[in-house]
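Enquirer: Below: one structure in structure tokens.
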Amino acid sequence: MQFGIFSIGDISPDPTTGHTQSEAERISNIIKVARRADEVGLDVFALGEHHNPPFVPSSPPALLAHIAALTERIILSTAVTLITTNDPVKIAEDYAMVQHVSKGRLDLMLGRGNTVPVYPWFGKDIRKGVPLALENYNLLHRLWREDVVDWEGQFRTPLQGFTSTPRPLDDVPPFVWHGSIRSPETAEQAAYYGNGFFANHILAPNFHFKPIVELYRRRYEHYGHGTAEQAIVGLGGMAFIAKRSQDAVNTYRPYFEHHPVFRGMKLEDYMAATPLTVGSPQEVIDKVLTFQEGFGDYQRQLFAVDAGGLPVEMALEQVELLGTEVVPVLREEMAARRKPGVPDAPTHSSLVKAKYGDAEPRRPRPNPNRGDNLSGTSPYQDSDPAVEADFPAAF
Amino acid sequence: MNAPSPAAASVTIAIVNAGVSDPSSTRLLADRIAQKTVDTLRESGTPATVRSIDLGPLATDIAQGIVTGMLNPKVQSAMELLASADAVIAATPVYKAGISGLFKSFADLIDNDLLIARPVVLAATGGSARHAMVVDEQLRPLFAFLRAIPMPTSLYAAPEDWGSTDLGKRIARAAQELSVLLRSGAGRQIADGNWGGYQHQFGGNATRAERSLEDVDFDTDLMRLATGKSALPRGGERADAH
């Protein structure tokens with residue numbers, strides 16, 4: 001079971017002091033939070049992607065590559081990468097690069113994005129969001145698995161004889177999670193490919209996402225990747241922790257009340273109705289155990305801990321409390337309750353092991369450049385000779 | 001033709017009342033329509049029960065639902081009551097030349113497919129007869145958007161109508177229309193027979209909403225696209241065409 005944090009990288013004024021972080025401060029604070037997560041032994045740090053103020057992470061691969069250089073163990077991920085408005089070719093290239101520099105400590109969570117203007121900014125149509133996401137992933141999947149791709153779809157210019165470089169580390173693509181809250185088609189795609197399914201599990205009533213998680217689990221089994229119980233499920237959650245429950249409530253209340261998404265709600269009502277937990281480590285532990293009971297054994301739990309103008313000192317303390325007081329207990333408790341045969345989330349090393357066993361992983365070496373910016377039908381020295389590229393006509 | 005079954009099953013009528021006074025003339029109008037409908041149905045052998053959703057006590061819950069995008073348990077149970085009703089009596093006061101904002105806010109929380117082909121009596125009360133067209137000009141298009149079936153007779157009660165027997169006659173007419181449509185089962189047949197033709201939301205509140213694997217249609221262009229198959233135009237159809 002993996003535990004971690006995810007940040008959407010929002011900037012908002014601290015309601016208790018009025019201080020608004022500059023973009024420079026926020027970016028360096030995100031890096032501090034990620035490093036602390038690594039130090040206290042959390043498993044995952046995931047970063048959102050936004051293209052408008054007051055958010056800073058427009059370029060998650062750049063920031064994640066930097067964080068990779070400063071951390072040792074933590075898996076870096078996204079929450080989420082926009083599979084609609086990004087070119088899947090660029091996603092394939094950028095994240096393969098981060099996978100290399102992080103030595104395999106990278107996976108990816110894909111989502112459609114719900115900020116309406118982002119679509120036209122990138123020349124896309126939100127009304128086609130679902131087919132766009134599905135088609136783009138189909139292409140991304142192939143780009144990471146086939147040395148040479150010939151491809152034609154509805155939304156992107158066709159590819160002929162295209163090789164996405166660098167090839168994934170050890171020729172093992174980063175593991176992919178599909179994030180969704182309401183599209184059965186996304187659950188179906190995750191199940192079909194045997195990928196993970198992530199329900200953000202925040203800003204909605206308790207167990208609101210259970211039907212779609214259930215749908216994914218049963219289709220995962222349908223496609224023969226394992227039983228429904230073995231499907232790879234991740235959940236989000238929001239927590240604010242203090243040693244004493246009342247301190248947590250008192251400290252967090254102004255941040256809750258000023259947060260635009262909680263407008264007009266009472267903290268106590270919201271906690272009772274949703275996965276948000278504000279309280280002692282034990283209260284957070286108890287709440288997360290209800291997730292396992294409701295959704296079945298799952299593989300990844302991420303918490304949002306730095307949103308809504310929380311000062312970095314407080315965010316760091318949250319990471320500390322998660323890492324020292326909450327997660328160690330949850331690891332033990334959840335493992336004890338876990339049904340036998342339920343796998344962990346795939347990691348780079350488990351995927352390498354699954355693909356190669358004890359054999360040496362493939363490390364592709366390109367053929368010499370022929371001067372035409374292509375490397376012939378066989379771009380790598382060990383490419384399958386059966387692969388024949390469909391090159392564009394020269395004139 | 002599907003004739004109404006002779007020993008018709010019991011039907012449920014939900015009142016949605018946006019009147020906020022106590023007693024409320026809007027609620028009174030809705031109750032008179034409901035009672036007349038129950039009487040008319042009973043004469044033709046169909047037992048009916050009436051359930052009420054008073055929006056006044058839910059006002060802050062509805063407002064929270066609008067701004068947070070999630071329904072609290074009180075609004076959720078009102079929604080479930082509405083979803084399970086066979087017919088609806090929608091009643092609102094007229095404020096500032098329009099329907100009550102409370103009524104519209106509640107309507108904004110109704111899933112697009114919750115009331116498909118559901119018979120609805122439209123009713124409003126106001127301080128002057130000059131606002132009588134509000135029912136037809138505002139409530140009727142709202143329920144048309146929801147693909148409900150508003151009855152031909154709308155009801156509007158200004159102060160003078162409460163002393164007029166004509167209001168009673170119009171109520172009887174609307175009740176008759178609702179009873180005939182309910183007994184015919186036409187609304188149910190439309191919803192059952194064409195459910196796939198409307199736009200839906202997975203896990204929504206509609207009684208026929210997709211909630212599990214068994215409800216989901218995997219034989220669609222989008223589902224084929226989800227499983228790596230091409231969605232290039234086939235016979236002019238695109239994956240996203242509805």
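FYI, nothing fancy with the structure tokens labels: chains A, B, ... in order, residues from 1 per chain, ligands from 1 as they appear.
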Residues of chain A within 8 Å of chain B, counting only C-alpha atoms, what are they? List them as a ChimeraX atom specification.
Expert: /A:128,130-131,134-135,138,153-154,182-186,188-189,192-193,203-205,211-212,214-215,218,261-265,273
Enquirer: Save the residues we just selected, N, CA and C atoms, as a PDB file, in the first residue's frame?
Expert:
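Contents of out-v8.pdb, freshly written:
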```pdb
ATOM      1  N   LYS A 128     -15.763  17.556 -26.775  1.00  0.00           N
ATOM      2  CA  LYS A 128     -15.199  16.287 -27.262  1.00  0.00           C
ATOM      3  C   LYS A 128     -14.214  15.724 -26.240  1.00  0.00           C
ATOM      4  N   VAL A 130     -14.269  13.588 -23.776  1.00  0.00           N
ATOM      5  CA  VAL A 130     -14.158  12.141 -23.524  1.00  0.00           C
ATOM      6  C   VAL A 130     -13.476  11.422 -24.688  1.00  0.00           C
ATOM      7  N   PRO A 131     -13.959  11.565 -25.930  1.00  0.00           N
ATOM      8  CA  PRO A 131     -13.245  10.879 -27.025  1.00  0.00           C
ATOM      9  C   PRO A 131     -11.798  11.358 -27.175  1.00  0.00           C
ATOM     10  N   LEU A 134      -9.751   9.502 -24.564  1.00  0.00           N
ATOM     11  CA  LEU A 134      -9.631   8.076 -24.887  1.00  0.00           C
ATOM     12  C   LEU A 134      -8.646   7.873 -26.038  1.00  0.00           C
ATOM     13  N   GLU A 135      -8.813   8.672 -27.087  1.00  0.00           N
ATOM     14  CA  GLU A 135      -7.948   8.504 -28.253  1.00  0.00           C
ATOM     15  C   GLU A 135      -6.496   8.866 -27.920  1.00  0.00           C
ATOM     16  N   ASN A 138      -4.884   6.077 -26.094  1.00  0.00           N
ATOM     17  CA  ASN A 138      -4.575   4.948 -26.990  1.00  0.00           C
ATOM     18  C   ASN A 138      -3.238   5.182 -27.699  1.00  0.00           C
ATOM     19  N   GLY A 153      -5.760   9.262 -36.235  1.00  0.00           N
ATOM     20  CA  GLY A 153      -6.955   9.377 -35.403  1.00  0.00           C
ATOM     21  C   GLY A 153      -7.781  10.573 -35.810  1.00  0.00           C
ATOM     22  N   GLN A 154      -8.710  10.928 -34.933  1.00  0.00           N
ATOM     23  CA  GLN A 154      -9.621  12.030 -35.244  1.00  0.00           C
ATOM     24  C   GLN A 154      -9.049  13.393 -34.902  1.00  0.00           C
ATOM     25  N   ARG A 182     -16.761  10.427 -13.169  1.00  0.00           N
ATOM     26  CA  ARG A 182     -18.101  10.129 -13.674  1.00  0.00           C
ATOM     27  C   ARG A 182     -18.157   9.445 -15.039  1.00  0.00           C
ATOM     28  N   SER A 183     -17.015   9.228 -15.711  1.00  0.00           N
ATOM     29  CA  SER A 183     -17.112   8.648 -17.050  1.00  0.00           C
ATOM     30  C   SER A 183     -16.866   7.151 -17.018  1.00  0.00           C
ATOM     31  N   PRO A 184     -17.906   6.354 -17.291  1.00  0.00           N
ATOM     32  CA  PRO A 184     -17.678   4.907 -17.340  1.00  0.00           C
ATOM     33  C   PRO A 184     -16.678   4.530 -18.434  1.00  0.00           C
ATOM     34  N   GLU A 185     -16.573   5.372 -19.473  1.00  0.00           N
ATOM     35  CA  GLU A 185     -15.627   5.064 -20.557  1.00  0.00           C
ATOM     36  C   GLU A 185     -14.178   5.098 -20.045  1.00  0.00           C
ATOM     37  N   THR A 186     -13.889   6.021 -19.133  1.00  0.00           N
ATOM     38  CA  THR A 186     -12.536   6.097 -18.577  1.00  0.00           C
ATOM     39  C   THR A 186     -12.246   4.872 -17.717  1.00  0.00           C
ATOM     40  N   GLU A 188     -13.560   2.027 -18.124  1.00  0.00           N
ATOM     41  CA  GLU A 188     -13.417   0.927 -19.092  1.00  0.00           C
ATOM     42  C   GLU A 188     -12.013   0.925 -19.705  1.00  0.00           C
ATOM     43  N   GLN A 189     -11.508   2.110 -20.041  1.00  0.00           N
ATOM     44  CA  GLN A 189     -10.182   2.177 -20.641  1.00  0.00           C
ATOM     45  C   GLN A 189      -9.108   1.708 -19.652  1.00  0.00           C
ATOM     46  N   TYR A 192      -9.422  -2.052 -19.442  1.00  0.00           N
ATOM     47  CA  TYR A 192      -8.993  -2.732 -20.659  1.00  0.00           C
ATOM     48  C   TYR A 192      -7.477  -2.898 -20.696  1.00  0.00           C
ATOM     49  N   TYR A 193      -6.764  -1.802 -20.351  1.00  0.00           N
ATOM     50  CA  TYR A 193      -5.299  -1.845 -20.430  1.00  0.00           C
ATOM     51  C   TYR A 193      -4.659  -2.423 -19.170  1.00  0.00           C
ATOM     52  N   LEU A 203     -14.311  16.485  -2.228  1.00  0.00           N
ATOM     53  CA  LEU A 203     -15.382  17.361  -2.696  1.00  0.00           C
ATOM     54  C   LEU A 203     -16.624  16.580  -3.115  1.00  0.00           C
ATOM     55  N   ALA A 204     -16.871  15.470  -2.470  1.00  0.00           N
ATOM     56  CA  ALA A 204     -18.072  14.692  -2.773  1.00  0.00           C
ATOM     57  C   ALA A 204     -18.426  13.865  -1.543  1.00  0.00           C
ATOM     58  N   PRO A 205     -19.690  13.442  -1.450  1.00  0.00           N
ATOM     59  CA  PRO A 205     -20.086  12.686  -0.262  1.00  0.00           C
ATOM     60  C   PRO A 205     -19.311  11.367  -0.130  1.00  0.00           C
ATOM     61  N   PRO A 211     -19.641   3.366  -7.012  1.00  0.00           N
ATOM     62  CA  PRO A 211     -20.138   2.656  -8.203  1.00  0.00           C
ATOM     63  C   PRO A 211     -19.136   2.646  -9.358  1.00  0.00           C
ATOM     64  N   ILE A 212     -18.422   3.750  -9.576  1.00  0.00           N
ATOM     65  CA  ILE A 212     -17.517   3.768 -10.734  1.00  0.00           C
ATOM     66  C   ILE A 212     -16.250   2.953 -10.433  1.00  0.00           C
ATOM     67  N   GLU A 214     -16.272   0.316  -8.576  1.00  0.00           N
ATOM     68  CA  GLU A 214     -16.789  -1.054  -8.708  1.00  0.00           C
ATOM     69  C   GLU A 214     -16.845  -1.470 -10.182  1.00  0.00           C
ATOM     70  N   LEU A 215     -17.310  -0.549 -11.017  1.00  0.00           N
ATOM     71  CA  LEU A 215     -17.377  -0.813 -12.457  1.00  0.00           C
ATOM     72  C   LEU A 215     -15.979  -1.137 -12.991  1.00  0.00           C
ATOM     73  N   ARG A 218     -14.715  -4.652 -11.859  1.00  0.00           N
ATOM     74  CA  ARG A 218     -15.330  -5.810 -12.532  1.00  0.00           C
ATOM     75  C   ARG A 218     -14.873  -5.914 -13.980  1.00  0.00           C
ATOM     76  N   VAL A 261     -14.121  26.416  -2.447  1.00  0.00           N
ATOM     77  CA  VAL A 261     -14.941  25.241  -2.754  1.00  0.00           C
ATOM     78  C   VAL A 261     -15.839  24.810  -1.584  1.00  0.00           C
ATOM     79  N   PHE A 262     -15.607  25.350  -0.399  1.00  0.00           N
ATOM     80  CA  PHE A 262     -16.438  24.926   0.746  1.00  0.00           C
ATOM     81  C   PHE A 262     -17.461  25.987   1.131  1.00  0.00           C
ATOM     82  N   ARG A 263     -17.645  26.973   0.253  1.00  0.00           N
ATOM     83  CA  ARG A 263     -18.512  28.098   0.585  1.00  0.00           C
ATOM     84  C   ARG A 263     -19.799  27.698   1.299  1.00  0.00           C
ATOM     85  N   GLY A 264     -20.012  28.344   2.436  1.00  0.00           N
ATOM     86  CA  GLY A 264     -21.290  28.199   3.110  1.00  0.00           C
ATOM     87  C   GLY A 264     -21.460  26.895   3.868  1.00  0.00           C
ATOM     88  N   MET A 265     -20.410  26.036   3.878  1.00  0.00           N
ATOM     89  CA  MET A 265     -20.562  24.770   4.596  1.00  0.00           C
ATOM     90  C   MET A 265     -20.000  24.929   6.007  1.00  0.00           C
ATOM     91  N   ALA A 273     -19.985  14.401   6.249  1.00  0.00           N
ATOM     92  CA  ALA A 273     -20.567  13.967   4.982  1.00  0.00           C
ATOM     93  C   ALA A 273     -19.535  13.520   3.953  1.00  0.00           C
TER      94      ALA A 273
END
```
Enquirer: Residues near Thr153 in chain B, anyone? I mean within 10 Å using only C-alpha atoms, not counting same-chain ones fewer than 5 positions away, as a ChimeraX atom specification.
Expert: /B:121-123,136,170-178
Enquirer: Quick one: residues within 12 Å of Val88 in chain B, only C-alpha atoms, excluding same-chain residues fewer than 4 positions away - as an NGL selection string?
Expert: :B and (11-17 or 30-31 or 33-34 or 37 or 49-53 or 81-84 or 114-123 or 143 or 148-151 or 175 or 178-179 or 182)
Enquirer: Would you kindly return, as a count of residues only, each protein, DNA or RNA residue with an atom no farther than 7 Å from any atom of Tyr380 in chain A, considering only C-alpha atoms and excluding same-chain residues fewer than 5 positions away?
Expert: 4
Enquirer: Range 9-100 of chain B: which residues are alpha helix (DSSP H) by DSSP, as a PyMOL selection string?
Expert: chain B and resi 25-43+59-68+73-84
Enquirer: Do a neighbour search on Pro346 in chain A at 10 Å with only C-alpha atoms, toss out local chain neighbours closer than 3 positions, and write the hits as a list in words.
Expert: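 Contacts, in chain order: Asp107, Pro174, Phe175, Val176, Asn195, Gly196, Ile232, Gln299, Pro343, Ser349, Ser350, Leu351, Val352 and Ala354 of chain A.
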Enquirer: The selected residues should be written to file as an mmCIF file, in the first residue's frame (atoms: C-alpha atoms).
Expert:
```
data_model
loop_
_atom_site.group_PDB
_atom_site.id
_atom_site.type_symbol
_atom_site.label_atom_id
_atom_site.label_comp_id
_atom_site.auth_asym_id
_atom_site.auth_seq_id
_atom_site.Cartn_x
_atom_site.Cartn_y
_atom_site.Cartn_z
ATOM 1 C CA ASP A 107 4.190 7.160 -12.722
ATOM 2 C CA PRO A 174 5.666 4.373 -16.519
ATOM 3 C CA PHE A 175 2.610 2.897 -14.815
ATOM 4 C CA VAL A 176 -0.536 4.863 -15.634
ATOM 5 C CA ASN A 195 -3.946 0.311 -15.699
ATOM 6 C CA GLY A 196 -4.812 1.835 -12.330
ATOM 7 C CA ILE A 232 -5.328 -1.314 -8.896
ATOM 8 C CA GLN A 299 -3.197 0.363 -3.446
ATOM 9 C CA PRO A 343 -1.168 -6.962 -5.112
ATOM 10 C CA SER A 349 11.172 -2.390 -10.282
ATOM 11 C CA SER A 350 8.138 -4.661 -10.052
ATOM 12 C CA LEU A 351 7.365 -4.021 -13.727
ATOM 13 C CA VAL A 352 10.965 -4.696 -14.744
ATOM 14 C CA ALA A 354 7.577 -8.915 -14.342
#
```
Enquirer: Show me, as a list in words, the residues that have an atom within 12 Å of Phe103 in chain B when counting only C-alpha atoms, minus same-chain residues fewer than 6 positions from it.
Expert: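 Everything that qualifies: Val16, Asn17, Ala18, Gly19, Val20, Thr26, Ile53, Asp54, Leu55, Gly56, Leu58, Ala59, Ile62, Ala63, Ala90, Ala91, Thr92, Pro93, Val94, Tyr95, Leu109, Ile110, Ala123, Ala124, Gln138, Leu139 and Leu142 of chain B.
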Enquirer: Work out how far apart CA of Ala79 in chain A and CA of Ala65 in chain A are and give it in Å to one decimal.
Expert: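 Those two atoms sit 15.4 Å apart.
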Enquirer: Where in range 254-383 of chain A does DSSP assign strand (DSSP E), given as a CSV table (one decimal) with C-alpha atoms, in the first residue's frame?
Expert:
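Saved file selection06.csv follows:
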```
chain,number,residue,atom,x,y,z
A,277,THR,CA,-10.8,14.6,8.2
A,278,VAL,CA,-9.7,17.3,10.5
A,279,GLY,CA,-8.5,15.9,13.8
A,300,ARG,CA,-2.7,4.1,-3.1
A,301,GLN,CA,-3.9,6.8,-0.8
A,302,LEU,CA,-3.1,10.4,-1.5
A,303,PHE,CA,-3.8,13.3,0.8
```
Enquirer: In Å, rounded to a single decimal, give me how far CA of Arg36 in chain A is from CA of Leu70 in chain A.
Expert: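 Computing it gives 10.5 Å between the two atoms.
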Enquirer: Leaving out His19 in chain A and any residue of its chain fewer than 3 positions from it, which residues lie within 12 Å of it when counting only C-alpha atoms, given as an MDAnalysis selection string?
Expert: chainID A and resid 11:16 22 25:26 308:312
Enquirer: Let's have the selection written as a CSV table (one decimal), in the first residue's frame, with N, CA and C atoms.
Expert:
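Saved result, out-v2.csv, follows:
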```
chain,number,residue,atom,x,y,z
A,11,ILE,N,-2.5,29.0,-5.4
A,11,ILE,CA,-2.0,30.1,-4.5
A,11,ILE,C,-3.3,30.9,-4.0
A,12,SER,N,-3.5,30.9,-2.7
A,12,SER,CA,-4.5,31.8,-2.2
A,12,SER,C,-4.1,32.5,-1.0
A,13,PRO,N,-4.6,33.6,-0.6
A,13,PRO,CA,-4.2,34.3,0.5
A,13,PRO,C,-4.4,33.5,1.8
A,14,ASP,N,-3.4,33.5,2.7
A,14,ASP,CA,-3.6,32.9,4.0
A,14,ASP,C,-4.7,33.7,4.8
A,15,PRO,N,-5.9,33.1,5.0
A,15,PRO,CA,-6.9,33.9,5.6
A,15,PRO,C,-6.6,34.5,7.0
A,16,THR,N,-5.6,33.9,7.7
A,16,THR,CA,-5.3,34.3,9.0
A,16,THR,C,-4.3,35.5,9.0
A,22,SER,N,4.1,34.6,-3.4
A,22,SER,CA,4.5,34.9,-4.8
A,22,SER,C,4.6,33.5,-5.5
A,25,GLU,N,7.8,32.0,-4.4
A,25,GLU,CA,7.7,31.3,-3.1
A,25,GLU,C,6.9,30.0,-3.1
A,26,ARG,N,5.8,30.0,-3.9
A,26,ARG,CA,5.0,28.8,-3.9
A,26,ARG,C,5.7,27.7,-4.6
A,308,GLY,N,-5.4,25.9,-0.3
A,308,GLY,CA,-6.1,26.9,0.4
A,308,GLY,C,-5.3,28.0,1.2
A,309,GLY,N,-4.1,28.2,0.8
A,309,GLY,CA,-3.3,29.3,1.4
A,309,GLY,C,-2.6,28.9,2.7
A,310,LEU,N,-2.6,27.6,3.0
A,310,LEU,CA,-1.9,27.1,4.2
A,310,LEU,C,-0.4,27.5,4.1
A,311,PRO,N,0.1,28.1,5.2
A,311,PRO,CA,1.6,28.4,5.1
A,311,PRO,C,2.4,27.2,5.0
A,312,VAL,N,3.6,27.3,4.4
A,312,VAL,CA,4.4,26.1,4.2
A,312,VAL,C,4.8,25.4,5.5
```
